[in-house]
Structures are given as C-alpha cells and as structure tokens.
Amino acid sequence: AGDPGEQIEALLTDLQEAPGQALPPPVLLPHQERIDALLAGRSLQRVLARLEGAELDEPALVQGRETCLRGSPISRAILWRQFWQARRQSLAEVFADELTLSVNCVLRGDFVEGVRALLIDKDKSPRWQAPQADEAWLDDFYRWPEGSNPLRPC
C-alpha cells in the first residue's frame, strides 16, 4: 500500500545504505579519454579504420576492438546511426525506434545468423551480410514492417 514512487525511492535508499561488498574498480572508466579519441567523428568508416590501426595495450580496449570488428556490419551501422540520431529524439521516439530496429534486426538483420553461429552450430563463424554501398538500406530498418508501430502516436 502507498505511493509506488515512494516505495521505489525507499527501496533504492535501502539498497544504497545497505552494507555490502565494495564494487570492483571500473575497467573502462580509466580509459575514457582514449575511448573518446578512438570513437571521435561522425564517419563510422573512419572510426573503424582508426580502431583497426590503433596500438592498444590495455586488454579491455583490445577486447572491445575485437568484439566491434568481429560483429555484424549491419548491426554496427545501425548502432552508429542510433547513437547520433537518438540525441535529437524524445525518449518516446527512442523507444519506438528501438522496437522497430529490434523487430527488423530479427526479420532482416544478422540476428538469426548470430544465434546460429553462437548457440546452435556453435562454430563461432557467423556469415554476416554485407551492408549495401549506399546507406539508404539503413532507412528500411527504421520502418515498421507492417501496419503501424504500437509505440508511435497515431
């Protein structure tokens, strides 16, 4: 009973004040300046080239680069666009886009191939789709497949 907002606030306060284990030291935060420099710029291609050529001696940064370069090029392009686009959107618009992107990634993206390579065949050798030369294909991932997006206002 009572106001849900007050209940949540009380729970969060209790968690904050509860004695517990100290958090481990951050892995990436000490390298934030280097990460920002590597990811600077609006061109995904230039950022990827910078990542590929960077001399990295921190294991967490090396692992991050390998994960990025090994992943789906389509997912990488979607993430990069969403990173820049979401800055100009309301929270409701971001949620609507996230739903649309999630549905389209399952329907036409590399999600199924990633599941096959990691969980079904376990060969860890995904055969990613190559993005098209122009970026118009990316617009299709932002269109609801059929009907209207339930999170978009009418």
# chains A, B, ... in the order shown; residues from 1 in each chain; ligands from 1
>>> residues_around(residues="Lys124 of chain A", least_positions_apart="5", cutoff="12 Å", atoms="only C-alpha atoms", output="list in words")
Arg70, Gly71, Glu113, Gly114, Val115, Arg116, Ala117, Leu118 and Leu119 of chain A
>>> residues_around(residues="segment 16-29 of chain A", least_positions_apart="6", cutoff="10 Å", atoms="only C-alpha atoms", output="JSON list (two decimals) with N, CA and C atoms, in the first residue's frame")
[["chain", "number", "residue", "atom", "x", "y", "z"],
["A", 10, "ALA", "N", 12.15, 4.40, -1.44],
["A", 10, "ALA", "CA", 12.57, 3.77, -0.19],
["A", 10, "ALA", "C", 13.45, 2.55, -0.46],
["A", 35, "ILE", "N", 39.17, 6.14, -25.27],
["A", 35, "ILE", "CA", 37.98, 5.62, -25.98],
["A", 35, "ILE", "C", 37.32, 6.75, -26.75],
["A", 58, "GLU", "N", 45.95, -2.02, -23.46],
["A", 58, "GLU", "CA", 45.03, -2.37, -22.37],
["A", 58, "GLU", "C", 44.13, -3.52, -22.83],
["A", 59, "PRO", "N", 44.13, -4.65, -22.13],
["A", 59, "PRO", "CA", 43.33, -5.81, -22.56],
["A", 59, "PRO", "C", 41.85, -5.50, -22.78],
["A", 60, "ALA", "N", 41.26, -4.66, -21.95],
["A", 60, "ALA", "CA", 39.83, -4.34, -22.12],
["A", 60, "ALA", "C", 39.58, -3.60, -23.43],
["A", 61, "LEU", "N", 40.51, -2.72, -23.81],
["A", 61, "LEU", "CA", 40.36, -1.99, -25.07],
["A", 61, "LEU", "C", 40.59, -2.91, -26.27],
["A", 64, "GLY", "N", 37.46, -4.96, -26.61],
["A", 64, "GLY", "CA", 36.39, -4.14, -27.17],
["A", 64, "GLY", "C", 36.54, -3.95, -28.68]]
>>> residues_around(residues="Gln82 of chain A", least_positions_apart="2", cutoff="12 Å", atoms="only C-alpha atoms", output="PDB file with N, CA and C atoms, in the first residue's frame")
ATOM      1  N   ARG A  42      32.018  11.627 -37.022  1.00  0.00           N
ATOM      2  CA  ARG A  42      30.695  11.164 -37.440  1.00  0.00           C
ATOM      3  C   ARG A  42      30.765  10.000 -38.424  1.00  0.00           C
ATOM      4  N   LEU A  44      31.519   6.419 -39.507  1.00  0.00           N
ATOM      5  CA  LEU A  44      31.784   5.092 -38.976  1.00  0.00           C
ATOM      6  C   LEU A  44      33.002   4.473 -39.651  1.00  0.00           C
ATOM      7  N   SER A  75      24.598  -4.530 -37.868  1.00  0.00           N
ATOM      8  CA  SER A  75      24.320  -4.091 -36.501  1.00  0.00           C
ATOM      9  C   SER A  75      25.205  -2.915 -36.104  1.00  0.00           C
ATOM     10  N   ARG A  76      26.443  -2.945 -36.539  1.00  0.00           N
ATOM     11  CA  ARG A  76      27.369  -1.849 -36.244  1.00  0.00           C
ATOM     12  C   ARG A  76      26.879  -0.545 -36.869  1.00  0.00           C
ATOM     13  N   ALA A  77      26.421  -0.613 -38.116  1.00  0.00           N
ATOM     14  CA  ALA A  77      25.911   0.587 -38.793  1.00  0.00           C
ATOM     15  C   ALA A  77      24.642   1.104 -38.122  1.00  0.00           C
ATOM     16  N   ILE A  78      23.767   0.200 -37.708  1.00  0.00           N
ATOM     17  CA  ILE A  78      22.534   0.598 -37.012  1.00  0.00           C
ATOM     18  C   ILE A  78      22.884   1.271 -35.684  1.00  0.00           C
ATOM     19  N   LEU A  79      23.780   0.663 -34.935  1.00  0.00           N
ATOM     20  CA  LEU A  79      24.171   1.228 -33.643  1.00  0.00           C
ATOM     21  C   LEU A  79      24.764   2.618 -33.814  1.00  0.00           C
ATOM     22  N   TRP A  80      25.628   2.799 -34.806  1.00  0.00           N
ATOM     23  CA  TRP A  80      26.271   4.088 -35.027  1.00  0.00           C
ATOM     24  C   TRP A  80      25.237   5.159 -35.372  1.00  0.00           C
ATOM     25  N   TRP A  84      23.939   8.592 -32.919  1.00  0.00           N
ATOM     26  CA  TRP A  84      23.860  10.001 -33.311  1.00  0.00           C
ATOM     27  C   TRP A  84      22.425  10.495 -33.404  1.00  0.00           C
ATOM     28  N   GLN A  85      21.533   9.675 -33.889  1.00  0.00           N
ATOM     29  CA  GLN A  85      20.146  10.099 -34.106  1.00  0.00           C
ATOM     30  C   GLN A  85      19.391  10.280 -32.791  1.00  0.00           C
ATOM     31  N   ALA A  86      19.612   9.404 -31.838  1.00  0.00           N
ATOM     32  CA  ALA A  86      18.847   9.430 -30.587  1.00  0.00           C
ATOM     33  C   ALA A  86      19.093  10.698 -29.777  1.00  0.00           C
ATOM     34  N   ARG A  87      20.177  11.369 -30.027  1.00  0.00           N
ATOM     35  CA  ARG A  87      20.480  12.615 -29.306  1.00  0.00           C
ATOM     36  C   ARG A  87      19.442  13.702 -29.575  1.00  0.00           C
ATOM     37  N   ARG A  88      18.772  13.623 -30.717  1.00  0.00           N
ATOM     38  CA  ARG A  88      17.795  14.643 -31.101  1.00  0.00           C
ATOM     39  C   ARG A  88      16.359  14.188 -30.868  1.00  0.00           C
ATOM     40  N   GLN A  89      16.179  13.042 -30.261  1.00  0.00           N
ATOM     41  CA  GLN A  89      14.847  12.470 -30.115  1.00  0.00           C
ATOM     42  C   GLN A  89      14.365  12.510 -28.674  1.00  0.00           C
ATOM     43  N   GLU A  93      10.323   8.638 -28.741  1.00  0.00           N
ATOM     44  CA  GLU A  93      10.800   8.361 -30.098  1.00  0.00           C
ATOM     45  C   GLU A  93      11.931   7.333 -30.084  1.00  0.00           C
ATOM     46  N   VAL A  94      12.800   7.431 -29.106  1.00  0.00           N
ATOM     47  CA  VAL A  94      13.896   6.465 -28.997  1.00  0.00           C
ATOM     48  C   VAL A  94      13.337   5.062 -28.759  1.00  0.00           C
ATOM     49  N   PHE A  95      12.364   4.947 -27.839  1.00  0.00           N
ATOM     50  CA  PHE A  95      11.759   3.637 -27.571  1.00  0.00           C
ATOM     51  C   PHE A  95      11.068   3.088 -28.818  1.00  0.00           C
ATOM     52  N   ALA A  96      10.375   3.936 -29.553  1.00  0.00           N
ATOM     53  CA  ALA A  96       9.697   3.485 -30.775  1.00  0.00           C
ATOM     54  C   ALA A  96      10.723   2.999 -31.797  1.00  0.00           C
ATOM     55  N   ASP A  97      11.813   3.744 -31.957  1.00  0.00           N
ATOM     56  CA  ASP A  97      12.858   3.312 -32.889  1.00  0.00           C
ATOM     57  C   ASP A  97      13.507   2.014 -32.426  1.00  0.00           C
ATOM     58  N   GLU A  98      13.758   1.887 -31.142  1.00  0.00           N
ATOM     59  CA  GLU A  98      14.374   0.665 -30.620  1.00  0.00           C
ATOM     60  C   GLU A  98      13.501  -0.560 -30.897  1.00  0.00           C
ATOM     61  N   THR A 100      11.263  -0.840 -33.363  1.00  0.00           N
ATOM     62  CA  THR A 100      11.316  -1.065 -34.810  1.00  0.00           C
ATOM     63  C   THR A 100      12.628  -1.728 -35.207  1.00  0.00           C
ATOM     64  N   LEU A 101      13.740  -1.226 -34.681  1.00  0.00           N
ATOM     65  CA  LEU A 101      15.045  -1.802 -35.007  1.00  0.00           C
ATOM     66  C   LEU A 101      15.145  -3.247 -34.542  1.00  0.00           C
ATOM     67  N   LEU A 138      19.710   1.381 -44.779  1.00  0.00           N
ATOM     68  CA  LEU A 138      19.574   1.556 -43.340  1.00  0.00           C
ATOM     69  C   LEU A 138      18.214   2.144 -42.975  1.00  0.00           C
ATOM     70  N   ASP A 139      17.674   2.973 -43.854  1.00  0.00           N
ATOM     71  CA  ASP A 139      16.345   3.551 -43.613  1.00  0.00           C
ATOM     72  C   ASP A 139      15.285   2.473 -43.457  1.00  0.00           C
ATOM     73  N   PHE A 141      15.474  -0.291 -41.957  1.00  0.00           N
ATOM     74  CA  PHE A 141      15.468  -0.819 -40.594  1.00  0.00           C
ATOM     75  C   PHE A 141      14.675   0.076 -39.641  1.00  0.00           C
ATOM     76  N   TYR A 142      14.433   1.320 -40.042  1.00  0.00           N
ATOM     77  CA  TYR A 142      13.682   2.264 -39.219  1.00  0.00           C
ATOM     78  C   TYR A 142      12.200   2.314 -39.599  1.00  0.00           C
TER      79      TYR A 142
END
>>> closest_residue(among="A:Leu151, A:Ile74, A:Leu107, A:Leu99", to="Gln132 of chain A", atoms="only C-alpha atoms")
A:Ile74
>>> residues_around(residues="Pro73 of chain A", least_positions_apart="5", cutoff="9 Å", atoms="only C-alpha atoms", output="number ranges by chain")
A: 68, 78, 110, 128-131
>>> write_last_selection(atoms="all heavy atoms", output="PDB file, in the first residue's frame")
ATOM      1  N   CYS A  68      34.001  -5.386 -31.569  1.00  0.00           N
ATOM      2  CA  CYS A  68      33.424  -4.460 -32.547  1.00  0.00           C
ATOM      3  C   CYS A  68      33.704  -4.924 -33.974  1.00  0.00           C
ATOM      4  O   CYS A  68      32.800  -4.982 -34.801  1.00  0.00           O
ATOM      5  CB  CYS A  68      33.986  -3.059 -32.328  1.00  0.00           C
ATOM      6  SG  CYS A  68      33.487  -1.862 -33.573  1.00  0.00           S
ATOM      7  N   ILE A  78      23.767   0.200 -37.708  1.00  0.00           N
ATOM      8  CA  ILE A  78      22.534   0.598 -37.012  1.00  0.00           C
ATOM      9  C   ILE A  78      22.884   1.271 -35.684  1.00  0.00           C
ATOM     10  O   ILE A  78      22.346   2.333 -35.356  1.00  0.00           O
ATOM     11  CB  ILE A  78      21.613  -0.614 -36.788  1.00  0.00           C
ATOM     12  CG1 ILE A  78      21.024  -1.086 -38.123  1.00  0.00           C
ATOM     13  CG2 ILE A  78      20.506  -0.287 -35.800  1.00  0.00           C
ATOM     14  CD1 ILE A  78      20.312  -2.419 -38.042  1.00  0.00           C
ATOM     15  N   ASP A 110      21.123  -9.633 -39.022  1.00  0.00           N
ATOM     16  CA  ASP A 110      22.008 -10.765 -38.787  1.00  0.00           C
ATOM     17  C   ASP A 110      21.739 -11.488 -37.475  1.00  0.00           C
ATOM     18  O   ASP A 110      22.523 -12.349 -37.076  1.00  0.00           O
ATOM     19  CB  ASP A 110      23.464 -10.288 -38.790  1.00  0.00           C
ATOM     20  CG  ASP A 110      23.980 -10.003 -40.190  1.00  0.00           C
ATOM     21  OD1 ASP A 110      23.551 -10.695 -41.132  1.00  0.00           O
ATOM     22  OD2 ASP A 110      24.824  -9.107 -40.333  1.00  0.00           O
ATOM     23  N   TRP A 128      28.132 -12.940 -41.856  1.00  0.00           N
ATOM     24  CA  TRP A 128      27.361 -11.709 -41.812  1.00  0.00           C
ATOM     25  C   TRP A 128      27.012 -11.223 -43.206  1.00  0.00           C
ATOM     26  O   TRP A 128      27.780 -11.413 -44.152  1.00  0.00           O
ATOM     27  CB  TRP A 128      28.148 -10.603 -41.107  1.00  0.00           C
ATOM     28  CG  TRP A 128      28.583 -10.889 -39.716  1.00  0.00           C
ATOM     29  CD1 TRP A 128      29.859 -10.802 -39.244  1.00  0.00           C
ATOM     30  CD2 TRP A 128      27.785 -11.287 -38.590  1.00  0.00           C
ATOM     31  NE1 TRP A 128      29.897 -11.108 -37.902  1.00  0.00           N
ATOM     32  CE2 TRP A 128      28.635 -11.410 -37.479  1.00  0.00           C
ATOM     33  CE3 TRP A 128      26.434 -11.539 -38.411  1.00  0.00           C
ATOM     34  CZ2 TRP A 128      28.185 -11.777 -36.212  1.00  0.00           C
ATOM     35  CZ3 TRP A 128      25.980 -11.908 -37.161  1.00  0.00           C
ATOM     36  CH2 TRP A 128      26.843 -12.026 -36.082  1.00  0.00           C
ATOM     37  N   GLN A 129      25.871 -10.557 -43.302  1.00  0.00           N
ATOM     38  CA  GLN A 129      25.502  -9.870 -44.531  1.00  0.00           C
ATOM     39  C   GLN A 129      26.382  -8.631 -44.662  1.00  0.00           C
ATOM     40  O   GLN A 129      26.732  -8.011 -43.668  1.00  0.00           O
ATOM     41  CB  GLN A 129      24.053  -9.399 -44.479  1.00  0.00           C
ATOM     42  CG  GLN A 129      23.027 -10.492 -44.295  1.00  0.00           C
ATOM     43  CD  GLN A 129      21.651  -9.888 -44.138  1.00  0.00           C
ATOM     44  OE1 GLN A 129      21.176  -9.171 -45.005  1.00  0.00           O
ATOM     45  NE2 GLN A 129      21.016 -10.154 -43.005  1.00  0.00           N
ATOM     46  N   ALA A 130      26.692  -8.279 -45.890  1.00  0.00           N
ATOM     47  CA  ALA A 130      27.443  -7.041 -46.119  1.00  0.00           C
ATOM     48  C   ALA A 130      26.451  -5.908 -46.340  1.00  0.00           C
ATOM     49  O   ALA A 130      25.491  -6.065 -47.097  1.00  0.00           O
ATOM     50  CB  ALA A 130      28.336  -7.195 -47.342  1.00  0.00           C
ATOM     51  N   PRO A 131      26.652  -4.773 -45.680  1.00  0.00           N
ATOM     52  CA  PRO A 131      25.759  -3.643 -45.939  1.00  0.00           C
ATOM     53  C   PRO A 131      25.936  -3.166 -47.375  1.00  0.00           C
ATOM     54  O   PRO A 131      27.007  -3.332 -47.966  1.00  0.00           O
ATOM     55  CB  PRO A 131      26.202  -2.566 -44.954  1.00  0.00           C
ATOM     56  CG  PRO A 131      27.315  -3.125 -44.162  1.00  0.00           C
ATOM     57  CD  PRO A 131      27.657  -4.476 -44.688  1.00  0.00           C
TER      58      PRO A 131
END
>>> atom_distance(atom1="atom CA of Pro126 of chain A", atom2="atom CA of Gly41 of chain A")
28.5 Å
>>> closest_residue(among="A:Gly147, A:Pro153, A:Pro30, A:Pro4", to="Ala92 of chain A", atoms="only C-alpha atoms")
A:Pro153
>>> select_by_dssp(residues="chain A", states="helix (DSSP H, G or I)", output="JSON, numbers by chain")
{"A": [4, 5, 6, 7, 8, 9, 10, 11, 12, 13, 14, 15, 16, 17, 29, 30, 31, 32, 33, 34, 35, 36, 37, 38, 44, 45, 46, 47, 48, 49, 50, 51, 52, 53, 59, 60, 61, 62, 63, 64, 65, 66, 67, 68, 69, 70, 73, 74, 75, 76, 77, 78, 79, 80, 81, 82, 83, 84, 85, 86, 87, 88, 91, 92, 93, 94, 95, 96, 97, 98, 99, 100, 101, 102, 103, 104, 105, 106, 107, 108, 111, 112, 113, 114, 115, 116, 117, 118, 119, 120, 136, 137, 138, 139, 140, 141]}
>>> closest_residue(among="A:Arg65, A:Leu51, A:Leu15, A:Asn104", to="Pro145 of chain A", atoms="only C-alpha atoms")
A:Asn104
>>> decode(residues="segment 95-106 of chain A", atoms="all heavy atoms", output="mmCIF file, in the first residue's frame")
data_model
loop_
_atom_site.group_PDB
_atom_site.id
_atom_site.type_symbol
_atom_site.label_atom_id
_atom_site.label_comp_id
_atom_site.auth_asym_id
_atom_site.auth_seq_id
_atom_site.Cartn_x
_atom_site.Cartn_y
_atom_site.Cartn_z
ATOM 1 N N PHE A 95 12.364 4.947 -27.839
ATOM 2 C CA PHE A 95 11.759 3.637 -27.571
ATOM 3 C C PHE A 95 11.068 3.088 -28.818
ATOM 4 O O PHE A 95 11.168 1.893 -29.114
ATOM 5 C CB PHE A 95 10.769 3.710 -26.420
ATOM 6 C CG PHE A 95 11.404 3.761 -25.056
ATOM 7 C CD1 PHE A 95 10.746 4.352 -23.997
ATOM 8 C CD2 PHE A 95 12.653 3.224 -24.817
ATOM 9 C CE1 PHE A 95 11.309 4.404 -22.729
ATOM 10 C CE2 PHE A 95 13.241 3.263 -23.558
ATOM 11 C CZ PHE A 95 12.567 3.857 -22.516
ATOM 12 N N ALA A 96 10.375 3.936 -29.553
ATOM 13 C CA ALA A 96 9.697 3.485 -30.775
ATOM 14 C C ALA A 96 10.723 2.999 -31.797
ATOM 15 O O ALA A 96 10.538 1.951 -32.431
ATOM 16 C CB ALA A 96 8.838 4.612 -31.351
ATOM 17 N N ASP A 97 11.813 3.744 -31.957
ATOM 18 C CA ASP A 97 12.858 3.312 -32.889
ATOM 19 C C ASP A 97 13.507 2.014 -32.426
ATOM 20 O O ASP A 97 13.790 1.133 -33.233
ATOM 21 C CB ASP A 97 13.934 4.388 -33.037
ATOM 22 C CG ASP A 97 13.569 5.467 -34.033
ATOM 23 O OD1 ASP A 97 12.532 5.337 -34.715
ATOM 24 O OD2 ASP A 97 14.330 6.459 -34.125
ATOM 25 N N GLU A 98 13.758 1.887 -31.142
ATOM 26 C CA GLU A 98 14.374 0.665 -30.620
ATOM 27 C C GLU A 98 13.501 -0.560 -30.897
ATOM 28 O O GLU A 98 14.011 -1.621 -31.260
ATOM 29 C CB GLU A 98 14.648 0.790 -29.122
ATOM 30 C CG GLU A 98 15.757 1.765 -28.774
ATOM 31 C CD GLU A 98 17.139 1.303 -29.202
ATOM 32 O OE1 GLU A 98 17.386 0.085 -29.248
ATOM 33 O OE2 GLU A 98 17.970 2.171 -29.498
ATOM 34 N N LEU A 99 12.188 -0.405 -30.738
ATOM 35 C CA LEU A 99 11.284 -1.518 -31.033
ATOM 36 C C LEU A 99 11.339 -1.857 -32.515
ATOM 37 O O LEU A 99 11.458 -3.025 -32.896
ATOM 38 C CB LEU A 99 9.853 -1.179 -30.608
ATOM 39 C CG LEU A 99 8.810 -2.249 -30.918
ATOM 40 C CD1 LEU A 99 9.124 -3.550 -30.189
ATOM 41 C CD2 LEU A 99 7.414 -1.748 -30.545
ATOM 42 N N THR A 100 11.263 -0.840 -33.363
ATOM 43 C CA THR A 100 11.316 -1.065 -34.810
ATOM 44 C C THR A 100 12.628 -1.728 -35.207
ATOM 45 O O THR A 100 12.646 -2.693 -35.981
ATOM 46 C CB THR A 100 11.145 0.266 -35.562
ATOM 47 O OG1 THR A 100 9.890 0.847 -35.205
ATOM 48 C CG2 THR A 100 11.189 0.068 -37.067
ATOM 49 N N LEU A 101 13.740 -1.226 -34.681
ATOM 50 C CA LEU A 101 15.045 -1.802 -35.007
ATOM 51 C C LEU A 101 15.145 -3.247 -34.542
ATOM 52 O O LEU A 101 15.660 -4.105 -35.265
ATOM 53 C CB LEU A 101 16.160 -0.964 -34.385
ATOM 54 C CG LEU A 101 16.367 0.419 -34.991
ATOM 55 C CD1 LEU A 101 17.281 1.267 -34.110
ATOM 56 C CD2 LEU A 101 16.902 0.316 -36.404
ATOM 57 N N SER A 102 14.641 -3.530 -33.352
ATOM 58 C CA SER A 102 14.695 -4.903 -32.825
ATOM 59 C C SER A 102 13.919 -5.862 -33.711
ATOM 60 O O SER A 102 14.410 -6.950 -34.050
ATOM 61 C CB SER A 102 14.132 -4.946 -31.402
ATOM 62 O OG SER A 102 14.905 -4.162 -30.545
ATOM 63 N N VAL A 103 12.715 -5.466 -34.091
ATOM 64 C CA VAL A 103 11.890 -6.322 -34.959
ATOM 65 C C VAL A 103 12.582 -6.532 -36.296
ATOM 66 O O VAL A 103 12.692 -7.663 -36.790
ATOM 67 C CB VAL A 103 10.476 -5.708 -35.136
ATOM 68 C CG1 VAL A 103 9.708 -6.409 -36.238
ATOM 69 C CG2 VAL A 103 9.710 -5.754 -33.820
ATOM 70 N N ASN A 104 13.078 -5.454 -36.891
ATOM 71 C CA ASN A 104 13.710 -5.576 -38.204
ATOM 72 C C ASN A 104 15.038 -6.325 -38.158
ATOM 73 O O ASN A 104 15.392 -7.009 -39.124
ATOM 74 C CB ASN A 104 13.883 -4.195 -38.840
ATOM 75 C CG ASN A 104 12.588 -3.697 -39.440
ATOM 76 O OD1 ASN A 104 11.833 -4.470 -40.036
ATOM 77 N ND2 ASN A 104 12.305 -2.428 -39.255
ATOM 78 N N CYS A 105 15.758 -6.226 -37.064
ATOM 79 C CA CYS A 105 17.005 -6.992 -36.956
ATOM 80 C C CYS A 105 16.728 -8.491 -36.922
ATOM 81 O O CYS A 105 17.483 -9.280 -37.482
ATOM 82 C CB CYS A 105 17.794 -6.565 -35.724
ATOM 83 S SG CYS A 105 18.668 -5.006 -35.959
ATOM 84 N N VAL A 106 15.626 -8.870 -36.307
ATOM 85 C CA VAL A 106 15.253 -10.286 -36.302
ATOM 86 C C VAL A 106 14.761 -10.695 -37.685
ATOM 87 O O VAL A 106 15.126 -11.756 -38.198
ATOM 88 C CB VAL A 106 14.186 -10.571 -35.222
ATOM 89 C CG1 VAL A 106 13.633 -11.981 -35.369
ATOM 90 C CG2 VAL A 106 14.771 -10.377 -33.831
#
